Every structure is written in structure tokens, then in C-alpha cells.
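Working notes for the structure below.
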Amino acid sequence: MTTQGAAAAAARSEVRDLIAAKGHTVDNARAAVARLETAFEAGDLVRTPDMEQYLEDLMRALEQDDDQKLGGKSAEAARFILRAIDRELDNA
């Protein structure tokens with residue numbers, strides 16, 4: 001089920017901009033998740049089962065201890081999952 005309307009289009013565009021932004025992938029991923037959560041709460045987008053799974057996977061990839069810096073494998077996993085989120089946005 002695809003959410004229609006200007007708010008949905010704006011949310012998709014903003015999430016895609018965050019995914020493609022220059023900078024560290026982990027920071028971009030966190031920003032994209034925050035924007036998605038805002039869109040879900042406002043009803044601008046709906047959580048599809050696939051989107052829910054991608055977000056769960058992404059949060060697992062972004063987990064860290066307080067003194068641990070993410071990079072390497074976490075960043076690569078985040079890039080891969082963000083591409084899946086980008087594709088799923090049209091269904092949200």
C-alpha cells in the first residue's frame with residue numbers, strides 16, 4: 001500500500017536525500033531512521049512488513065557500546081540496508 005499526497009512525497013524525498021548525503025554512512029543512516037520515524041508517526045508513510053524488517057536490521061547494524069566507534073562492517077551493512085530502504089520507500 002503506497003501512501004499518496006504531498007506529505008508522503010516530501011518524506012520520501014527527504015529520506016532519499018539523507019541516504020545519499022555526503023558524510024559518514026552511520027550518521028546518514030541515523031538521520032534517515034529519525035526522518036522515517038517522524039513520517040510514520042505523522043501518518044505520512046506507512047510501515048510495510050519489508051520496511052519494518054529493514055529498519056530492524058539497520059538498528060542491529062548500528063548498535064554499539066558507549067566506547068565503540070562504528071565503521072567498517074557496520075558502515076557497509078548500513079549502506080546495503082539503506083539501499084533496500086530506498087527501494088521500499090515507494091511502497092510505504
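Residue names in the C-alpha cells use chain letters A, B, ... in the order shown, residue numbers from 1 in each chain, and ligand numbers from 1 in the order shown.
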Closest-contact table, region 27-62 of chain A side, partner region 83-91 of chain A, 8 Å, counting only C-alpha atoms, as a Markdown table:
| residue | atom | partner | partner_atom | distance |
| --- | --- | --- | --- | --- |
| A:Thr48 | CA | A:Asn91 | CA | 7.2 |
| A:Asp50 | CA | A:Glu88 | CA | 7.3 |
| A:Met51 | CA | A:Glu88 | CA | 6.4 |
| A:Tyr54 | CA | A:Ile85 | CA | 6.4 |
| A:Leu55 | CA | A:Ile85 | CA | 7.8 |
Discussion item. Under the rule that only C-alpha atoms are counted, which of A:Ala61, A:Leu45, A:Ala31, A:Ala75 is the nearest residue to Gln4 (chain A)?
Written reply: A:Leu45
